[in-house]
Amino acid sequence: MDFALRKVAFSDLPGWTSDDPSDLLPALRRCRHHVETVKPHRTGSLGISSHDLMPAYRAADDVEAPDAAASRAFFEANFQPFAIERQDGKPGFVTAFFEPTVAVSRERTTEYVFPFYRRPDDLVDLDATNRPASLDESFAFARSVEDRIEEYPDRRAIETGCLAGRGLEIAFARSKTDVFFAHVQGAARLIFPDGSSKRITYAAKSGHPFSAIGRLLIDRGEIDAATVSMQSIKAWLDTHPEEADTVMWHNRSFIFFREAAVDDPALGPVAAAKVPLQAGRSLAVDRLIHTFGVPFFIASDSLARIDDGRPFRRLMLALDTGTAIIGPARGDIFTGSGDEAGERAGAVRNEADFFILIPKAAAARYEA
């Protein structure tokens, strides 16, 4: 491994005694329900399994009056914190994501013309048994055509009509940039003209690697690297309509969605861990290393935009992943749904210290 775990005390976690992790107890119960009724989460290379987490999941049911102090006491009784230390000595790094709210129509109109698509039936998952030699191992999806498997059409091909007429449209938005950023976030809450809502979440993608258009605009001198954010990128696209398509097509990756009801407006979408995200308490992590349902304490002196100007010190739960989330101390913070959450998430690119909370029954395996 290119990192090490160093055992620490809860008193070593910056700001631990002022954090209120009570919101995580219901999230732990949701994880337990998924593990017991559907299947355990896949164990990452670090080796913490859903089985290791189960005693803590069960103990969460016994917490009475889960205020801040009782919730901290629960985690102190059931987990052992470890600092994640990269071998190169560099700190961890966090970004943030949110669930956009997008005005849509169920039918295409002169105003609503840009579609969100369901997963096509000719899109197949790739593994070692069916991956053609012509496709790089980074491709997780491809197109099945008669007796062969080939690269799926990319963003440009899809947006210029290669899926037209197949009945895959979920809804239509007024703005192509709104659709694009829903792809980047992997989810959206759709608002229809009659006031009803529907949630769309990630179902699959075309298979092409994600390419950041912010980096493209920085390299072209269009946006200042020091101030780049989702908002500045969106503003550039909206004010350069003649160039916007070409810039967005630079990201060949294209996302397909599945529909879901908005059962609880206070919760976010059901993400990779198959449980709803909790705003401000859910973290996307590298799924190859970490296991969903594991708590992390994140501390960042420079990140103040999420916590009303205070340095970020918060216990979080690993519930999602992403193609850009790579490494043991790399996280993406879910800030919630809607424009305000988008404002909080848009410019988060901060160094952070990562502490992983390992169930006490398994902690001995990681002590030096």
# chains A, B, ... in the order shown; residues from 1 in each chain; ligands from 1
call {"tool": "select_by_dssp", "arguments": {"residues": "range 58-100 of chain A", "states": "alpha helix (DSSP H)", "output": "list of chain:residue names"}}
result
A:Arg58, A:Ala59, A:Ala60, A:Ala68, A:Ala69, A:Ala70, A:Ser71, A:Arg72, A:Ala73, A:Phe74, A:Phe75, A:Glu76, A:Ala77, A:Asn78
call {"tool": "write_last_selection", "arguments": {"atoms": "N, CA and C atoms", "output": "PDB file, in the first residue's frame"}}
result
ATOM      1  N   ARG A  58     -25.480  -2.699  14.826  1.00  0.00           N
ATOM      2  CA  ARG A  58     -26.482  -3.156  15.793  1.00  0.00           C
ATOM      3  C   ARG A  58     -26.485  -2.264  17.029  1.00  0.00           C
ATOM      4  N   ALA A  59     -25.303  -1.850  17.464  1.00  0.00           N
ATOM      5  CA  ALA A  59     -25.210  -1.017  18.658  1.00  0.00           C
ATOM      6  C   ALA A  59     -25.860   0.348  18.453  1.00  0.00           C
ATOM      7  N   ALA A  60     -25.938   0.801  17.203  1.00  0.00           N
ATOM      8  CA  ALA A  60     -26.563   2.098  16.922  1.00  0.00           C
ATOM      9  C   ALA A  60     -28.031   2.105  17.327  1.00  0.00           C
ATOM     10  N   ALA A  68     -25.609  15.131  20.711  1.00  0.00           N
ATOM     11  CA  ALA A  68     -24.215  15.164  20.274  1.00  0.00           C
ATOM     12  C   ALA A  68     -23.319  14.337  21.180  1.00  0.00           C
ATOM     13  N   ALA A  69     -23.468  14.495  22.507  1.00  0.00           N
ATOM     14  CA  ALA A  69     -22.596  13.786  23.435  1.00  0.00           C
ATOM     15  C   ALA A  69     -22.821  12.280  23.381  1.00  0.00           C
ATOM     16  N   ALA A  70     -24.075  11.850  23.332  1.00  0.00           N
ATOM     17  CA  ALA A  70     -24.370  10.419  23.273  1.00  0.00           C
ATOM     18  C   ALA A  70     -23.885   9.815  21.969  1.00  0.00           C
ATOM     19  N   SER A  71     -23.990  10.573  20.889  1.00  0.00           N
ATOM     20  CA  SER A  71     -23.547  10.070  19.590  1.00  0.00           C
ATOM     21  C   SER A  71     -22.028   9.934  19.547  1.00  0.00           C
ATOM     22  N   ARG A  72     -21.329  10.942  20.083  1.00  0.00           N
ATOM     23  CA  ARG A  72     -19.864  10.819  20.150  1.00  0.00           C
ATOM     24  C   ARG A  72     -19.458   9.626  21.024  1.00  0.00           C
ATOM     25  N   ALA A  73     -20.168   9.431  22.140  1.00  0.00           N
ATOM     26  CA  ALA A  73     -19.863   8.303  23.022  1.00  0.00           C
ATOM     27  C   ALA A  73     -20.068   6.974  22.297  1.00  0.00           C
ATOM     28  N   PHE A  74     -21.093   6.902  21.451  1.00  0.00           N
ATOM     29  CA  PHE A  74     -21.313   5.679  20.670  1.00  0.00           C
ATOM     30  C   PHE A  74     -20.120   5.375  19.771  1.00  0.00           C
ATOM     31  N   PHE A  75     -19.644   6.372  19.052  1.00  0.00           N
ATOM     32  CA  PHE A  75     -18.516   6.133  18.156  1.00  0.00           C
ATOM     33  C   PHE A  75     -17.244   5.815  18.945  1.00  0.00           C
ATOM     34  N   GLU A  76     -17.050   6.467  20.074  1.00  0.00           N
ATOM     35  CA  GLU A  76     -15.877   6.188  20.890  1.00  0.00           C
ATOM     36  C   GLU A  76     -15.906   4.759  21.437  1.00  0.00           C
ATOM     37  N   ALA A  77     -17.096   4.236  21.714  1.00  0.00           N
ATOM     38  CA  ALA A  77     -17.225   2.883  22.266  1.00  0.00           C
ATOM     39  C   ALA A  77     -17.067   1.802  21.207  1.00  0.00           C
ATOM     40  N   ASN A  78     -17.355   2.147  19.959  1.00  0.00           N
ATOM     41  CA  ASN A  78     -17.415   1.099  18.928  1.00  0.00           C
ATOM     42  C   ASN A  78     -16.333   1.185  17.857  1.00  0.00           C
TER      43      ASN A  78
END
call {"tool": "residues_around", "arguments": {"residues": "range 159-170 of chain A", "least_positions_apart": "6", "cutoff": "7 Å", "atoms": "only C-alpha atoms", "output": "ChimeraX atom specification"}}
result
/A:115-118,120
call {"tool": "closest_residue", "arguments": {"among": "A:Glu111, A:Asp308, A:Asp23, A:Asp301", "to": "Pro91 in chain A", "atoms": "only C-alpha atoms"}}
result
A:Asp301
call {"tool": "closest_residue", "arguments": {"among": "A:Val63, A:Ile333, A:Ala203, A:Leu13", "to": "Arg29 in chain A", "atoms": "only C-alpha atoms"}}
result
A:Val63
call {"tool": "closest_residue", "arguments": {"among": "A:Arg189, A:Arg174, A:Arg148, A:Arg156", "to": "Thr109 in chain A", "atoms": "only C-alpha atoms"}}
result
A:Arg174
call {"tool": "residues_around", "arguments": {"residues": "Glu151 in chain A", "least_positions_apart": "6", "cutoff": "12 Å", "atoms": "only C-alpha atoms", "output": "list in words"}}
result
Asp122, Leu123, Val124, Asp125, Leu126, Arg131, Pro132, Ala133, Ser134, Leu135, Asp136, Glu137, Ser138, Phe139, Ala140, Phe141, Ala142, Arg143, Ser144, Val145, Ala157, Lys205, Ser206, Gly207, His208, Pro209, Arg252 and Ser253 of chain A
call {"tool": "select_by_dssp", "arguments": {"residues": "range 133-276 of chain A", "states": "strand (DSSP E or B)", "output": "PyMOL selection string"}}
result
chain A and resi 141-145+148-150+169-173+187-191+197-205+255-260+270+276
call {"tool": "write_last_selection", "arguments": {"atoms": "N, CA, C and O atoms", "output": "CSV table (one decimal), in the first residue's frame"}}
result
chain,number,residue,atom,x,y,z
A,141,PHE,N,-18.0,-0.1,-19.6
A,141,PHE,CA,-19.2,-0.3,-20.4
A,141,PHE,C,-18.9,-0.3,-21.9
A,141,PHE,O,-17.9,0.4,-22.3
A,142,ALA,N,-19.7,-0.9,-22.7
A,142,ALA,CA,-19.5,-0.9,-24.1
A,142,ALA,C,-20.8,-1.2,-24.8
A,142,ALA,O,-21.8,-1.5,-24.1
A,143,ARG,N,-20.8,-1.3,-26.2
A,143,ARG,CA,-22.0,-1.6,-26.9
A,143,ARG,C,-21.9,-3.0,-27.5
A,143,ARG,O,-20.9,-3.4,-28.1
A,144,SER,N,-23.0,-3.7,-27.3
A,144,SER,CA,-23.2,-5.0,-27.9
A,144,SER,C,-23.9,-4.9,-29.2
A,144,SER,O,-25.1,-4.4,-29.3
A,145,VAL,N,-23.2,-5.3,-30.3
A,145,VAL,CA,-23.8,-5.2,-31.7
A,145,VAL,C,-23.7,-6.5,-32.3
A,145,VAL,O,-22.6,-7.0,-32.7
A,148,ARG,N,-20.6,-8.9,-31.7
A,148,ARG,CA,-19.4,-8.2,-31.3
A,148,ARG,C,-19.7,-7.2,-30.2
A,148,ARG,O,-20.8,-6.7,-30.0
A,149,ILE,N,-18.6,-6.8,-29.5
A,149,ILE,CA,-18.7,-5.7,-28.5
A,149,ILE,C,-17.7,-4.6,-28.9
A,149,ILE,O,-16.6,-4.9,-29.3
A,150,GLU,N,-18.2,-3.4,-28.9
A,150,GLU,CA,-17.4,-2.3,-29.4
A,150,GLU,C,-17.6,-1.0,-28.5
A,150,GLU,O,-18.5,-1.0,-27.7
A,169,GLU,N,-35.8,8.8,-23.5
A,169,GLU,CA,-35.9,10.1,-22.8
A,169,GLU,C,-36.7,10.0,-21.5
A,169,GLU,O,-37.9,9.5,-21.6
A,170,ILE,N,-36.1,10.4,-20.4
A,170,ILE,CA,-36.9,10.5,-19.1
A,170,ILE,C,-37.6,11.8,-19.0
A,170,ILE,O,-38.8,11.8,-18.6
A,171,ALA,N,-36.9,12.9,-19.4
A,171,ALA,CA,-37.5,14.2,-19.3
A,171,ALA,C,-36.6,15.1,-20.1
A,171,ALA,O,-35.5,14.8,-20.5
A,172,PHE,N,-37.1,16.4,-20.3
A,172,PHE,CA,-36.4,17.3,-21.1
A,172,PHE,C,-36.2,18.6,-20.3
A,172,PHE,O,-37.1,19.1,-19.7
A,173,ALA,N,-34.9,19.1,-20.4
A,173,ALA,CA,-34.6,20.4,-19.7
A,173,ALA,C,-34.5,21.5,-20.7
A,173,ALA,O,-34.4,21.3,-21.9
A,187,ALA,N,-26.5,12.8,-10.5
A,187,ALA,CA,-27.9,12.7,-10.0
A,187,ALA,C,-28.5,14.1,-10.2
A,187,ALA,O,-27.8,15.1,-10.4
A,188,ALA,N,-29.9,14.1,-10.1
A,188,ALA,CA,-30.6,15.4,-10.2
A,188,ALA,C,-32.0,15.2,-9.6
A,188,ALA,O,-32.5,14.1,-9.7
A,189,ARG,N,-32.6,16.3,-9.1
A,189,ARG,CA,-34.0,16.3,-8.7
A,189,ARG,C,-34.7,17.1,-9.8
A,189,ARG,O,-34.5,18.2,-10.0
A,190,LEU,N,-35.6,16.4,-10.5
A,190,LEU,CA,-36.4,17.0,-11.6
A,190,LEU,C,-37.7,17.6,-11.0
A,190,LEU,O,-38.4,17.0,-10.3
A,191,ILE,N,-37.9,18.9,-11.4
A,191,ILE,CA,-39.1,19.6,-11.0
A,191,ILE,C,-40.0,19.8,-12.3
A,191,ILE,O,-39.5,20.5,-13.2
A,197,SER,N,-42.2,16.2,-8.5
A,197,SER,CA,-40.8,16.0,-8.6
A,197,SER,C,-40.5,14.5,-8.8
A,197,SER,O,-41.2,13.6,-8.4
A,198,LYS,N,-39.3,14.3,-9.3
A,198,LYS,CA,-38.8,13.0,-9.5
A,198,LYS,C,-37.3,13.0,-9.4
A,198,LYS,O,-36.7,14.1,-9.7
A,199,ARG,N,-36.7,12.0,-8.9
A,199,ARG,CA,-35.2,12.0,-8.8
A,199,ARG,C,-34.7,11.0,-9.9
A,199,ARG,O,-35.2,10.0,-10.2
A,200,ILE,N,-33.5,11.5,-10.5
A,200,ILE,CA,-32.8,10.6,-11.3
A,200,ILE,C,-31.4,10.4,-10.7
A,200,ILE,O,-30.8,11.3,-10.2
A,201,THR,N,-31.0,9.1,-10.8
A,201,THR,CA,-29.6,8.8,-10.2
A,201,THR,C,-28.9,8.0,-11.3
A,201,THR,O,-29.5,7.4,-12.2
A,202,TYR,N,-27.6,7.9,-11.1
A,202,TYR,CA,-26.7,7.2,-12.0
A,202,TYR,C,-27.1,5.8,-12.2
A,202,TYR,O,-27.4,5.0,-11.3
A,203,ALA,N,-27.2,5.4,-13.5
A,203,ALA,CA,-27.5,4.0,-13.9
A,203,ALA,C,-26.3,3.3,-14.6
A,203,ALA,O,-26.0,2.2,-14.4
A,204,ALA,N,-25.6,4.1,-15.4
A,204,ALA,CA,-24.5,3.6,-16.2
A,204,ALA,C,-23.9,4.7,-16.9
A,204,ALA,O,-24.4,5.9,-16.9
A,205,LYS,N,-22.8,4.5,-17.6
A,205,LYS,CA,-22.2,5.5,-18.5
A,205,LYS,C,-21.7,4.9,-19.8
A,205,LYS,O,-21.6,3.7,-19.9
A,255,ILE,N,-23.5,10.1,-19.2
A,255,ILE,CA,-24.2,9.4,-18.1
A,255,ILE,C,-25.6,9.0,-18.4
A,255,ILE,O,-26.4,9.8,-19.0
A,256,PHE,N,-26.0,7.8,-18.1
A,256,PHE,CA,-27.4,7.4,-18.2
A,256,PHE,C,-28.0,7.2,-16.8
A,256,PHE,O,-27.3,6.9,-15.8
A,257,PHE,N,-29.3,7.5,-16.7
A,257,PHE,CA,-29.9,7.6,-15.4
A,257,PHE,C,-31.1,6.6,-15.2
A,257,PHE,O,-31.6,6.0,-16.2
A,258,ARG,N,-31.4,6.4,-14.0
A,258,ARG,CA,-32.6,5.6,-13.6
A,258,ARG,C,-33.5,6.5,-12.8
A,258,ARG,O,-33.0,7.5,-12.1
A,259,GLU,N,-34.8,6.3,-12.8
A,259,GLU,CA,-35.7,7.1,-12.1
A,259,GLU,C,-36.0,6.6,-10.7
A,259,GLU,O,-36.0,5.4,-10.5
A,260,ALA,N,-36.3,7.5,-9.8
A,260,ALA,CA,-36.6,7.2,-8.4
A,260,ALA,C,-37.5,8.2,-7.9
A,260,ALA,O,-37.5,9.4,-8.3
A,270,VAL,N,-30.2,8.1,-3.6
A,270,VAL,CA,-29.6,6.8,-3.3
A,270,VAL,C,-28.3,6.6,-4.2
A,270,VAL,O,-28.4,6.7,-5.4
A,276,PRO,N,-29.7,6.3,0.9
A,276,PRO,CA,-29.8,7.7,0.6
A,276,PRO,C,-28.6,8.5,1.3
A,276,PRO,O,-28.1,8.2,2.4
